[in-house]
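Pasting query23.txt here (compact mmCIF, C-alpha atoms and all ligand atoms):
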```txt
# COMPACT_ATOMS: atom_id res chain seq x y z
CA MET A 116 -1.25 -17.45 -35.46
CA ARG A 117 -3.01 -20.41 -33.80
CA LEU A 118 -3.50 -19.68 -30.14
CA VAL A 119 -5.27 -21.29 -27.18
CA LEU A 120 -6.28 -19.39 -24.03
CA VAL A 121 -6.48 -21.55 -20.92
CA GLY A 122 -7.28 -20.66 -17.31
CA PRO A 123 -9.89 -21.23 -14.63
CA PRO A 124 -13.49 -20.04 -14.97
CA GLY A 125 -13.52 -16.28 -14.55
CA ALA A 126 -9.79 -15.84 -15.26
CA GLY A 127 -10.73 -13.31 -17.95
CA LYS A 128 -10.37 -15.52 -21.03
CA GLY A 129 -13.46 -14.08 -22.77
CA THR A 130 -12.49 -10.52 -21.83
CA GLN A 131 -8.91 -10.85 -23.11
CA ALA A 132 -9.87 -13.00 -26.11
CA GLU A 133 -11.67 -10.07 -27.68
CA PHE A 134 -8.58 -7.80 -27.53
CA ILE A 135 -6.06 -10.48 -28.46
CA ALA A 136 -8.12 -11.76 -31.43
CA ALA A 137 -8.45 -8.18 -32.71
CA HIS A 138 -4.68 -7.64 -32.28
CA LEU A 139 -3.90 -10.84 -34.22
CA ALA A 140 -6.76 -10.34 -36.74
CA VAL A 141 -7.99 -13.90 -36.20
CA PRO A 142 -11.48 -15.21 -35.25
CA LYS A 143 -12.22 -15.78 -31.56
CA ILE A 144 -13.75 -19.23 -31.13
CA SER A 145 -15.32 -19.77 -27.70
CA THR A 146 -16.85 -23.18 -27.04
CA GLY A 147 -18.81 -21.69 -24.12
CA ASP A 148 -20.31 -19.04 -26.46
CA ILE A 149 -21.19 -21.70 -29.07
CA PHE A 150 -22.88 -23.87 -26.43
CA ARG A 151 -24.79 -20.85 -25.02
CA ALA A 152 -25.98 -19.86 -28.53
CA ASN A 153 -27.27 -23.42 -29.03
CA VAL A 154 -28.97 -23.36 -25.62
CA SER A 155 -30.78 -20.12 -26.42
CA GLN A 156 -31.84 -21.45 -29.85
CA GLY A 157 -33.06 -24.72 -28.28
CA THR A 158 -31.08 -26.95 -30.69
CA PRO A 159 -30.50 -30.64 -29.81
CA LEU A 160 -26.85 -29.75 -29.06
CA GLY A 161 -28.03 -26.97 -26.75
CA VAL A 162 -30.48 -29.24 -24.92
CA GLU A 163 -27.71 -31.78 -24.30
CA ALA A 164 -25.07 -29.19 -23.32
CA LYS A 165 -27.39 -27.36 -20.89
CA ARG A 166 -27.64 -30.38 -18.58
CA TYR A 167 -23.88 -30.29 -18.03
CA MET A 168 -23.45 -26.51 -18.01
CA ASP A 169 -26.14 -26.00 -15.36
CA ALA A 170 -24.36 -28.53 -13.14
CA GLY A 171 -20.97 -26.86 -13.64
CA GLN A 172 -19.67 -29.96 -15.44
CA LEU A 173 -17.88 -30.29 -18.75
CA VAL A 174 -19.86 -31.32 -21.83
CA PRO A 175 -18.63 -34.78 -23.02
CA ASP A 176 -15.44 -34.72 -25.10
CA GLU A 177 -16.95 -36.36 -28.19
CA VAL A 178 -19.70 -33.75 -28.51
CA THR A 179 -17.27 -30.87 -27.95
CA ILE A 180 -14.55 -32.15 -30.28
CA ASN A 181 -17.03 -32.69 -33.15
CA MET A 182 -18.36 -29.17 -32.67
CA VAL A 183 -14.85 -27.65 -32.77
CA ARG A 184 -13.85 -29.75 -35.79
CA ASP A 185 -16.81 -28.27 -37.70
CA ARG A 186 -16.00 -24.73 -36.58
CA LEU A 187 -12.31 -24.97 -37.52
CA ALA A 188 -13.31 -26.15 -41.01
CA GLU A 189 -14.95 -22.77 -41.69
CA PRO A 190 -12.93 -20.54 -44.04
CA ASP A 191 -12.27 -17.73 -41.54
CA ALA A 192 -10.20 -20.12 -39.38
CA SER A 193 -7.89 -21.29 -42.17
CA ASP A 194 -5.11 -18.77 -41.47
CA GLY A 195 -5.32 -18.67 -37.69
CA PHE A 196 -7.64 -18.58 -34.69
CA LEU A 197 -7.89 -17.95 -30.99
CA LEU A 198 -9.56 -20.78 -29.05
CA ASP A 199 -11.19 -19.68 -25.77
CA GLY A 200 -12.29 -22.55 -23.51
CA PHE A 201 -11.08 -25.39 -25.75
CA PRO A 202 -9.32 -27.71 -25.21
CA ARG A 203 -10.31 -28.37 -21.61
CA THR A 204 -9.25 -31.99 -21.16
CA VAL A 205 -6.19 -33.96 -22.28
CA PRO A 206 -8.30 -36.02 -24.77
CA GLN A 207 -9.57 -32.73 -26.28
CA ALA A 208 -5.97 -31.45 -26.55
CA SER A 209 -4.82 -34.66 -28.23
CA ALA A 210 -7.76 -34.50 -30.65
CA LEU A 211 -6.90 -30.88 -31.50
CA ASP A 212 -3.25 -31.78 -32.17
CA LYS A 213 -4.39 -34.57 -34.50
CA LEU A 214 -6.94 -32.41 -36.26
CA LEU A 215 -4.33 -29.70 -36.93
CA ALA A 216 -1.69 -32.26 -37.97
CA ASP A 217 -4.17 -33.63 -40.54
CA LEU A 218 -4.43 -30.07 -41.89
CA GLY A 219 -0.61 -29.85 -41.99
CA THR A 220 -0.40 -27.30 -39.19
CA ALA A 221 -0.07 -27.00 -35.38
CA LEU A 222 -0.73 -24.69 -32.47
CA ASP A 223 1.77 -21.87 -32.04
CA ILE A 224 1.19 -20.93 -28.40
CA VAL A 225 -0.96 -21.77 -25.39
CA MET A 226 -1.45 -18.83 -23.04
CA GLU A 227 -2.39 -19.54 -19.43
CA LEU A 228 -4.17 -16.75 -17.53
CA VAL A 229 -3.11 -17.17 -13.89
CA VAL A 230 -5.46 -16.03 -11.06
CA ASP A 231 -6.36 -17.53 -7.68
CA ASP A 232 -9.74 -18.98 -6.63
CA ASP A 233 -10.75 -16.00 -4.43
CA GLU A 234 -10.37 -13.64 -7.40
CA VAL A 235 -12.30 -16.06 -9.64
CA ILE A 236 -15.25 -16.04 -7.22
CA ARG A 237 -15.21 -12.21 -7.04
CA ARG A 238 -15.15 -11.95 -10.82
CA LEU A 239 -17.84 -14.54 -11.58
CA SER A 240 -20.31 -13.42 -8.92
CA GLY A 241 -20.32 -9.87 -10.35
CA ARG A 242 -20.19 -10.74 -14.05
CA ARG A 243 -22.93 -9.44 -16.34
CA THR A 244 -23.14 -10.16 -20.09
CA CYS A 245 -24.93 -8.16 -22.78
CA ARG A 246 -27.82 -9.94 -24.49
CA GLY A 247 -27.28 -7.87 -27.64
CA CYS A 248 -23.55 -7.74 -28.42
CA GLY A 249 -22.14 -10.24 -25.88
CA LYS A 250 -19.82 -7.69 -24.22
CA ILE A 251 -18.72 -8.83 -20.76
CA TRP A 252 -19.10 -6.40 -17.84
CA HIS A 253 -18.63 -6.56 -14.08
CA VAL A 254 -20.80 -4.75 -11.52
CA GLU A 255 -17.72 -3.60 -9.57
CA PHE A 256 -14.62 -3.96 -11.77
CA ASP A 257 -16.10 -2.85 -15.11
CA PRO A 258 -19.55 -1.32 -14.48
CA THR A 259 -21.90 0.13 -17.08
CA SER A 260 -22.98 3.77 -16.65
CA LYS A 261 -26.67 2.72 -16.24
CA PRO A 262 -27.38 -0.45 -14.21
CA ASP A 263 -27.97 -3.54 -16.38
CA ILE A 264 -27.82 -1.62 -19.71
CA CYS A 265 -24.89 -2.18 -22.09
CA ASP A 266 -22.89 1.00 -22.75
CA ARG A 267 -21.81 -0.35 -26.13
CA CYS A 268 -25.18 -1.30 -27.70
CA GLY A 269 -27.92 -0.32 -25.22
CA SER A 270 -29.25 -3.89 -24.74
CA GLU A 271 -30.13 -5.51 -21.43
CA LEU A 272 -27.47 -7.32 -19.36
CA PHE A 273 -28.00 -10.76 -17.80
CA GLN A 274 -26.28 -12.96 -15.23
CA ARG A 275 -25.20 -16.38 -16.51
CA ASP A 276 -27.06 -19.37 -15.00
CA ASP A 277 -23.73 -21.04 -14.16
CA ASP A 278 -22.47 -18.02 -12.16
CA LYS A 279 -24.32 -19.12 -9.00
CA ALA A 280 -22.11 -19.90 -5.97
CA GLU A 281 -22.72 -23.67 -5.98
CA THR A 282 -22.15 -24.02 -9.74
CA ILE A 283 -18.98 -21.91 -9.55
CA ALA A 284 -17.62 -24.32 -6.90
CA ASN A 285 -18.31 -27.30 -9.21
CA ARG A 286 -16.66 -25.54 -12.14
CA LEU A 287 -13.52 -24.96 -10.07
CA VAL A 288 -13.39 -28.66 -9.15
CA GLU A 289 -13.82 -29.63 -12.83
CA TYR A 290 -11.01 -27.22 -13.73
CA ALA A 291 -8.61 -28.68 -11.16
CA ASP A 292 -9.43 -32.29 -12.10
CA LYS A 293 -9.70 -32.14 -15.87
CA THR A 294 -8.25 -28.90 -17.26
CA ALA A 295 -5.22 -28.14 -15.05
CA PRO A 296 -3.40 -31.25 -16.45
CA LEU A 297 -3.19 -29.33 -19.75
CA ILE A 298 -0.58 -27.08 -18.18
CA ASP A 299 1.87 -30.01 -18.04
CA PHE A 300 0.67 -31.32 -21.44
CA TYR A 301 1.51 -28.07 -23.22
CA GLY A 302 4.52 -27.35 -21.00
CA ALA A 303 6.05 -30.61 -22.27
CA GLN A 304 5.45 -29.41 -25.87
CA GLY A 305 7.25 -26.11 -25.07
CA LYS A 306 4.15 -24.12 -26.09
CA LEU A 307 2.99 -22.80 -22.73
CA VAL A 308 3.33 -19.18 -21.65
CA GLY A 309 1.86 -18.04 -18.31
CA ILE A 310 0.48 -14.53 -17.82
CA ASP A 311 -0.31 -12.88 -14.48
CA ALA A 312 -4.03 -12.14 -15.03
CA THR A 313 -4.54 -10.05 -11.88
CA GLY A 314 -4.88 -6.26 -11.90
CA PRO A 315 -6.73 -4.02 -14.36
CA VAL A 316 -7.99 -5.55 -17.63
CA GLU A 317 -5.79 -3.16 -19.69
CA ASP A 318 -2.64 -4.25 -17.81
CA VAL A 319 -3.41 -7.92 -18.48
CA THR A 320 -3.92 -7.15 -22.18
CA VAL A 321 -0.52 -5.41 -22.35
CA ARG A 322 1.17 -8.43 -20.70
CA ALA A 323 -0.57 -10.82 -23.10
CA ILE A 324 0.34 -8.85 -26.23
CA ASP A 325 3.94 -8.40 -25.05
CA ALA A 326 4.19 -12.17 -24.62
CA LEU A 327 2.72 -12.77 -28.09
CA ARG A 328 5.25 -10.38 -29.67
CA SER A 329 8.08 -12.56 -28.43
CA TYR A 330 6.44 -15.42 -30.40
CA GLY A 331 6.07 -13.27 -33.52
CA GLY A 332 2.43 -12.32 -32.90
P1 LIG B 1 -17.11 -21.07 -20.64
O1 LIG B 1 -18.05 -20.06 -21.14
O2 LIG B 1 -15.88 -21.35 -21.42
O3 LIG B 1 -16.79 -20.70 -19.13
P2 LIG B 1 -15.41 -20.70 -18.28
O4 LIG B 1 -14.19 -21.32 -18.84
O5 LIG B 1 -15.87 -21.27 -17.00
O6 LIG B 1 -14.98 -19.28 -18.33
P3 LIG B 1 -15.85 -18.06 -18.11
O7 LIG B 1 -16.53 -17.67 -19.40
O8 LIG B 1 -16.75 -18.26 -16.92
O9 LIG B 1 -14.77 -17.00 -17.65
P4 LIG B 1 -13.67 -16.22 -18.47
O10 LIG B 1 -12.33 -16.77 -18.13
O11 LIG B 1 -14.02 -16.12 -19.92
O12 LIG B 1 -13.81 -14.81 -17.74
P5 LIG B 1 -14.50 -13.45 -18.26
O13 LIG B 1 -13.65 -12.80 -19.28
O14 LIG B 1 -15.95 -13.66 -18.56
O15 LIG B 1 -17.84 -22.48 -20.43
C1 LIG B 1 -19.10 -22.57 -19.80
C2 LIG B 1 -19.52 -24.04 -19.76
O16 LIG B 1 -19.62 -24.58 -21.10
C3 LIG B 1 -18.54 -24.99 -19.05
O17 LIG B 1 -18.74 -25.01 -17.64
C4 LIG B 1 -18.91 -26.33 -19.72
O18 LIG B 1 -20.08 -26.88 -19.19
C5 LIG B 1 -19.15 -25.93 -21.16
N1 LIG B 1 -17.92 -25.96 -21.98
C6 LIG B 1 -17.30 -24.92 -22.60
N2 LIG B 1 -16.20 -25.33 -23.25
C7 LIG B 1 -16.11 -26.68 -23.03
C8 LIG B 1 -15.17 -27.67 -23.42
N3 LIG B 1 -14.08 -27.37 -24.17
N4 LIG B 1 -15.38 -28.95 -23.02
C9 LIG B 1 -16.46 -29.28 -22.28
N5 LIG B 1 -17.37 -28.38 -21.85
C10 LIG B 1 -17.21 -27.08 -22.23
O19 LIG B 1 -14.35 -12.59 -16.90
C11 LIG B 1 -15.10 -12.89 -15.75
C12 LIG B 1 -15.53 -11.60 -15.03
O20 LIG B 1 -14.36 -10.96 -14.53
C13 LIG B 1 -16.22 -10.58 -15.96
O21 LIG B 1 -17.25 -9.95 -15.25
C14 LIG B 1 -15.11 -9.57 -16.31
O22 LIG B 1 -15.64 -8.27 -16.52
C15 LIG B 1 -14.24 -9.63 -15.06
N6 LIG B 1 -12.83 -9.42 -15.32
C16 LIG B 1 -12.11 -9.91 -16.36
N7 LIG B 1 -10.82 -9.53 -16.26
C17 LIG B 1 -10.73 -8.79 -15.11
C18 LIG B 1 -9.67 -8.11 -14.45
N8 LIG B 1 -8.42 -8.11 -14.96
N9 LIG B 1 -9.94 -7.46 -13.29
C19 LIG B 1 -11.20 -7.46 -12.77
N10 LIG B 1 -12.25 -8.06 -13.37
C20 LIG B 1 -12.02 -8.73 -14.52
```
Is it possible to express this structure as structure tokens?
Amino acid sequence: MRLVLVGPPGAGKGTQAEFIAAHLAVPKISTGDIFRANVSQGTPLGVEAKRYMDAGQLVPDEVTINMVRDRLAEPDASDGFLLDGFPRTVPQASALDKLLADLGTALDIVMELVVDDDEVIRRLSGRRTCRGCGKIWHVEFDPTSKPDICDRCGSELFQRDDDKAETIANRLVEYADKTAPLIDFYGAQGKLVGIDATGPVEDVTVRAIDALRSYGG
């Protein structure tokens, strides 16, 4: 299955992507994770992306599309994938459609995680991520047993640079301006399914997997 997860920053895309990708047995491809890995390795791509990420802005389409094209050409993505955080603009969505058409395939479903801005701010301001295994935690909603230590691998947790209040506000504006139009774009293709992403993580996962089953996933 070829699936896209869309939703505002902090909607829970990364959290749900892990469960959904495991359920579908497909690779999870997160453009945010790829950019962050490049930032921490100090690659030219990372240096360029960091300027935009720190400001809460989107990385330019051309850079992002080329990066995804390369990633989708890897063998593990040939039978399906879950895209988390891509596409994020209508030009990115059109480029993805073309890329898949050239490969003789197409997206199956675009799942929108629906939450309001107040919940987004609560989630992002308490988010912590593991430096070792990448597991996402939350100081209030999904705390570790010891502060700032990952229960899964024992590594240190960190707060993302773009989870500061001012950057979160910019990311929400970018979402409304550039990403929300994808809802109509995919609605018109008949590929959009909306999921209520409020409530406990496990409940959201059940809703997402139920929705996928009705599409054969
Ligand atoms: P990216 O990493 O994709 O960030 P984002 O879309 O802003 O999404 P987040 O990762 O912040 O949130 P999420 O929805 O994954 O939520 P999470 O599961 O962590 O992108 C970062 C930057 O990279 C962008 O700003 C941009 O600069 C650049 N970029 C990336 N892709 C790009 C593209 N395609 N084009 C251009 N630029 C791009 O959950 C959040 C918190 O809530 C966690 O603490 C979690 O534990 C908690 N939580 C999750 N679910 C629940 C729940 N049900 N109840 C309570 N708490 C919950």
**Asked** What gap, in Å, lies between CA of Asp277 (chain A) and atom C1 of ligand LIG 1 (chain B)?
**Response**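 These two atoms are separated by 7.5 Å.
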**Request:** Show which residues sit within 8 Å of region 178-189 of chain A, as a list in words. Count all atoms listed in the file, and ignore same-chain residues fewer than 3 positions away.
**Result:** Thr146, Val174, Pro175, Ala192, Ser193, Gln207, Ala210, Leu211 and Leu214 of chain A
**Prompt:** Taking into account only C-alpha atoms and all ligand atoms, which residue in the set A:Asp232, A:Glu271, A:Asp325, A:Glu255 is nearest to ligand LIG 1 (chain B)?
**Reply:**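 Among the listed residues, A:Glu255 lies closest to ligand LIG 1 (chain B).
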**Message:** For Leu272 (chain A), find every residue with an atom within 7 Å (counting only C-alpha atoms), except residues of its own chain fewer than 2 positions away, and show them as a ChimeraX atom specification.
**Reply:** /A:243-246,263-265,270
**Shell of 10 Å around Ile298 (chain A), only C-alpha atoms, local chain residues under 3 positions omitted, as a ChimeraX atom specification** = /A:121-122,205,225-227,294-295,301-303,306-309
**Item:** Coordinates-based distance that separates CA of Ser329 (chain A) from atom P3 of ligand LIG 1 (chain B) (Å, one decimal)
**Value:**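 Atom-to-atom, atom P3 of ligand LIG 1 (chain B) and CA of Ser329 (chain A) are spaced 26.6 Å apart.
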**Message:** Considering only C-alpha atoms, can you say which of A:Thr282, A:Asp148, A:Asp292, A:Leu228 comes closest to Tyr167 (chain A)?
**Reply:**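 Once distances to Tyr167 (chain A) are computed over only C-alpha atoms, the minimum belongs to A:Thr282.
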**Request:** Identify which of the residues A:Ile144, A:Val316, A:Thr220, A:Val235 lies closest to Asp191 (chain A), counting only C-alpha atoms when measuring atom-to-atom distances.
**Result:**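 Counting only C-alpha atoms, the residue closest to Asp191 (chain A) is A:Ile144.
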**Prompt:** Closest to ligand LIG 1 (chain B) among A:Glu163, A:Asp266, A:Asp194, A:Asp176, using only C-alpha atoms and all ligand atoms?
**Reply:**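 Closest to ligand LIG 1 (chain B) of all the choices is A:Asp176.
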Would you tabulate, counting only C-alpha atoms and all ligand atoms, all residues of chain A that have an atom at most 7 Å from an atom of ligand LIG 1 (chain B), showing the closest pair of atoms and their distance in Å to one decimal, sorted by chain then ascending number, as a Markdown table?
```
| residue | atom | partner | partner_atom | distance |
| --- | --- | --- | --- | --- |
| A:Gly122 | CA | B:LIG1 | O10 | 6.4 |
| A:Pro123 | CA | B:LIG1 | O4 | 6.0 |
| A:Pro124 | CA | B:LIG1 | O5 | 3.4 |
| A:Gly125 | CA | B:LIG1 | O9 | 3.4 |
| A:Ala126 | CA | B:LIG1 | O10 | 3.9 |
| A:Gly127 | CA | B:LIG1 | O13 | 3.2 |
| A:Lys128 | CA | B:LIG1 | O10 | 3.7 |
| A:Gly129 | CA | B:LIG1 | O11 | 3.5 |
| A:Thr130 | CA | B:LIG1 | O13 | 3.6 |
| A:Gln131 | CA | B:LIG1 | O13 | 6.4 |
| A:Ser145 | CA | B:LIG1 | O2 | 6.5 |
| A:Thr146 | CA | B:LIG1 | N2 | 4.4 |
| A:Gly147 | CA | B:LIG1 | O1 | 3.5 |
| A:Asp148 | CA | B:LIG1 | O1 | 5.9 |
| A:Phe150 | CA | B:LIG1 | O16 | 6.3 |
| A:Ala164 | CA | B:LIG1 | O18 | 6.9 |
| A:Tyr167 | CA | B:LIG1 | O18 | 5.2 |
| A:Met168 | CA | B:LIG1 | O18 | 3.6 |
| A:Gly171 | CA | B:LIG1 | O17 | 4.9 |
| A:Gln172 | CA | B:LIG1 | O18 | 4.9 |
| A:Leu173 | CA | B:LIG1 | N5 | 3.7 |
| A:Val174 | CA | B:LIG1 | N5 | 3.9 |
| A:Pro175 | CA | B:LIG1 | C9 | 6.0 |
| A:Asp176 | CA | B:LIG1 | N4 | 6.1 |
| A:Thr179 | CA | B:LIG1 | N4 | 5.6 |
| A:Asp199 | CA | B:LIG1 | O2 | 6.6 |
| A:Gly200 | CA | B:LIG1 | O2 | 4.3 |
| A:Phe201 | CA | B:LIG1 | N3 | 3.9 |
| A:Pro202 | CA | B:LIG1 | N3 | 4.9 |
| A:Arg203 | CA | B:LIG1 | N3 | 4.7 |
| A:Arg238 | CA | B:LIG1 | O20 | 3.9 |
| A:Leu239 | CA | B:LIG1 | C12 | 5.1 |
| A:Gly241 | CA | B:LIG1 | O21 | 5.8 |
| A:Arg242 | CA | B:LIG1 | O21 | 3.3 |
| A:Arg243 | CA | B:LIG1 | O21 | 5.8 |
| A:Ile251 | CA | B:LIG1 | O22 | 5.3 |
| A:Trp252 | CA | B:LIG1 | O22 | 4.1 |
| A:His253 | CA | B:LIG1 | O21 | 3.8 |
| A:Phe256 | CA | B:LIG1 | C19 | 5.0 |
| A:Asp257 | CA | B:LIG1 | O22 | 5.6 |
| A:Arg286 | CA | B:LIG1 | O17 | 5.9 |
| A:Ala312 | CA | B:LIG1 | N8 | 6.0 |
| A:Thr313 | CA | B:LIG1 | N8 | 5.3 |
| A:Gly314 | CA | B:LIG1 | N8 | 5.0 |
| A:Pro315 | CA | B:LIG1 | N8 | 4.5 |
| A:Val316 | CA | B:LIG1 | N8 | 3.7 |
| A:Val319 | CA | B:LIG1 | N8 | 6.1 |
```
Centre and edge lengths, as lines of an AutoDock Vina configuration file, for the axis-aligned box enclosing every listed atom of region 143-151 of chain A with 8 Å of padding on each of the six sides, in Å to one decimal?
```
center_x = -18.5
center_y = -19.8
center_z = -27.8
size_x = 28.6
size_y = 24.1
size_z = 23.4
```
**Message:** as an MDAnalysis selection string, please: the residues near Arg117 (chain A) (cut-off 7 Å, only C-alpha atoms, same-chain neighbours under 2 positions excluded).
**Reply:** chainID A and resid 195:197 222:224
**Asked** When distances are computed from only C-alpha atoms, which of A:Ile149, A:Ala216, A:Lys279, A:Ser209 shows the smallest separation from Gly249 (chain A)?
**Response**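 Checking each candidate against Gly249 (chain A), we get A:Ile149 as the closest.
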**Request:** Give the answer as one residue: which of A:Glu133, A:Glu289, A:Asp299, A:Glu177 has the shortest atom-to-atom distance to Pro206 (chain A), using only C-alpha atoms?
**Result:**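 The shortest atom-to-atom distance to Pro206 (chain A) comes from A:Glu177.
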**Request:** Have a look at CA of Leu287 (chain A) and CA of Thr204 (chain A) and let me know their distance in Å, one decimal.
**Result:**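 Straight-line distance from CA of Leu287 (chain A) to CA of Thr204 (chain A) works out to 13.8 Å.
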Should you be able to, write region 308-316 of chain A of this structure into a file that contains all heavy atoms, as a PDB file, in the first residue's frame.
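The result, written out as out.pdb:
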```
ATOM      1  N   VAL A 308      -8.957  10.374   3.488  1.00  0.00           N
ATOM      2  CA  VAL A 308      -9.777   9.898   4.607  1.00  0.00           C
ATOM      3  C   VAL A 308      -9.311  10.652   5.859  1.00  0.00           C
ATOM      4  O   VAL A 308      -8.124  10.740   6.139  1.00  0.00           O
ATOM      5  CB  VAL A 308      -9.700   8.357   4.758  1.00  0.00           C
ATOM      6  CG1 VAL A 308      -8.289   7.861   4.831  1.00  0.00           C
ATOM      7  CG2 VAL A 308     -10.459   7.900   5.986  1.00  0.00           C
ATOM      8  N   GLY A 309     -10.268  11.244   6.573  1.00  0.00           N
ATOM      9  CA  GLY A 309      -9.958  12.026   7.777  1.00  0.00           C
ATOM     10  C   GLY A 309     -10.141  11.176   9.024  1.00  0.00           C
ATOM     11  O   GLY A 309     -11.081  10.388   9.120  1.00  0.00           O
ATOM     12  N   ILE A 310      -9.201  11.317   9.962  1.00  0.00           N
ATOM     13  CA  ILE A 310      -9.245  10.561  11.218  1.00  0.00           C
ATOM     14  C   ILE A 310      -9.253  11.558  12.364  1.00  0.00           C
ATOM     15  O   ILE A 310      -8.428  12.473  12.379  1.00  0.00           O
ATOM     16  CB  ILE A 310      -7.949   9.708  11.362  1.00  0.00           C
ATOM     17  CG1 ILE A 310      -7.869   8.671  10.266  1.00  0.00           C
ATOM     18  CG2 ILE A 310      -7.843   9.052  12.717  1.00  0.00           C
ATOM     19  CD1 ILE A 310      -8.863   7.570  10.447  1.00  0.00           C
ATOM     20  N   ASP A 311     -10.132  11.366  13.338  1.00  0.00           N
ATOM     21  CA  ASP A 311     -10.094  12.172  14.561  1.00  0.00           C
ATOM     22  C   ASP A 311      -8.833  11.751  15.330  1.00  0.00           C
ATOM     23  O   ASP A 311      -8.734  10.613  15.785  1.00  0.00           O
ATOM     24  CB  ASP A 311     -11.369  11.889  15.366  1.00  0.00           C
ATOM     25  CG  ASP A 311     -11.330  12.532  16.739  1.00  0.00           C
ATOM     26  OD1 ASP A 311     -10.397  13.306  17.022  1.00  0.00           O
ATOM     27  OD2 ASP A 311     -12.251  12.241  17.535  1.00  0.00           O
ATOM     28  N   ALA A 312      -7.866  12.687  15.453  1.00  0.00           N
ATOM     29  CA  ALA A 312      -6.573  12.337  16.071  1.00  0.00           C
ATOM     30  C   ALA A 312      -6.487  12.817  17.514  1.00  0.00           C
ATOM     31  O   ALA A 312      -5.398  12.931  18.066  1.00  0.00           O
ATOM     32  CB  ALA A 312      -5.430  12.902  15.235  1.00  0.00           C
ATOM     33  N   THR A 313      -7.641  13.098  18.140  1.00  0.00           N
ATOM     34  CA  THR A 313      -7.634  13.461  19.560  1.00  0.00           C
ATOM     35  C   THR A 313      -7.842  12.194  20.402  1.00  0.00           C
ATOM     36  O   THR A 313      -8.254  11.161  19.879  1.00  0.00           O
ATOM     37  CB  THR A 313      -8.753  14.470  19.881  1.00  0.00           C
ATOM     38  OG1 THR A 313     -10.003  13.915  19.481  1.00  0.00           O
ATOM     39  CG2 THR A 313      -8.530  15.775  19.135  1.00  0.00           C
ATOM     40  N   GLY A 314      -7.521  12.315  21.694  1.00  0.00           N
ATOM     41  CA  GLY A 314      -7.672  11.165  22.592  1.00  0.00           C
ATOM     42  C   GLY A 314      -6.390  10.360  22.647  1.00  0.00           C
ATOM     43  O   GLY A 314      -5.396  10.719  22.016  1.00  0.00           O
ATOM     44  N   PRO A 315      -6.404   9.255  23.416  1.00  0.00           N
ATOM     45  CA  PRO A 315      -5.180   8.475  23.609  1.00  0.00           C
ATOM     46  C   PRO A 315      -4.585   7.955  22.290  1.00  0.00           C
ATOM     47  O   PRO A 315      -5.320   7.653  21.346  1.00  0.00           O
ATOM     48  CB  PRO A 315      -5.640   7.301  24.487  1.00  0.00           C
ATOM     49  CG  PRO A 315      -6.897   7.778  25.130  1.00  0.00           C
ATOM     50  CD  PRO A 315      -7.537   8.742  24.174  1.00  0.00           C
ATOM     51  N   VAL A 316      -3.254   7.842  22.274  1.00  0.00           N
ATOM     52  CA  VAL A 316      -2.526   7.385  21.077  1.00  0.00           C
ATOM     53  C   VAL A 316      -3.113   6.071  20.550  1.00  0.00           C
ATOM     54  O   VAL A 316      -3.343   5.904  19.350  1.00  0.00           O
ATOM     55  CB  VAL A 316      -1.018   7.195  21.427  1.00  0.00           C
ATOM     56  CG1 VAL A 316      -0.273   6.470  20.315  1.00  0.00           C
ATOM     57  CG2 VAL A 316      -0.363   8.541  21.722  1.00  0.00           C
TER      58      VAL A 316
END
```
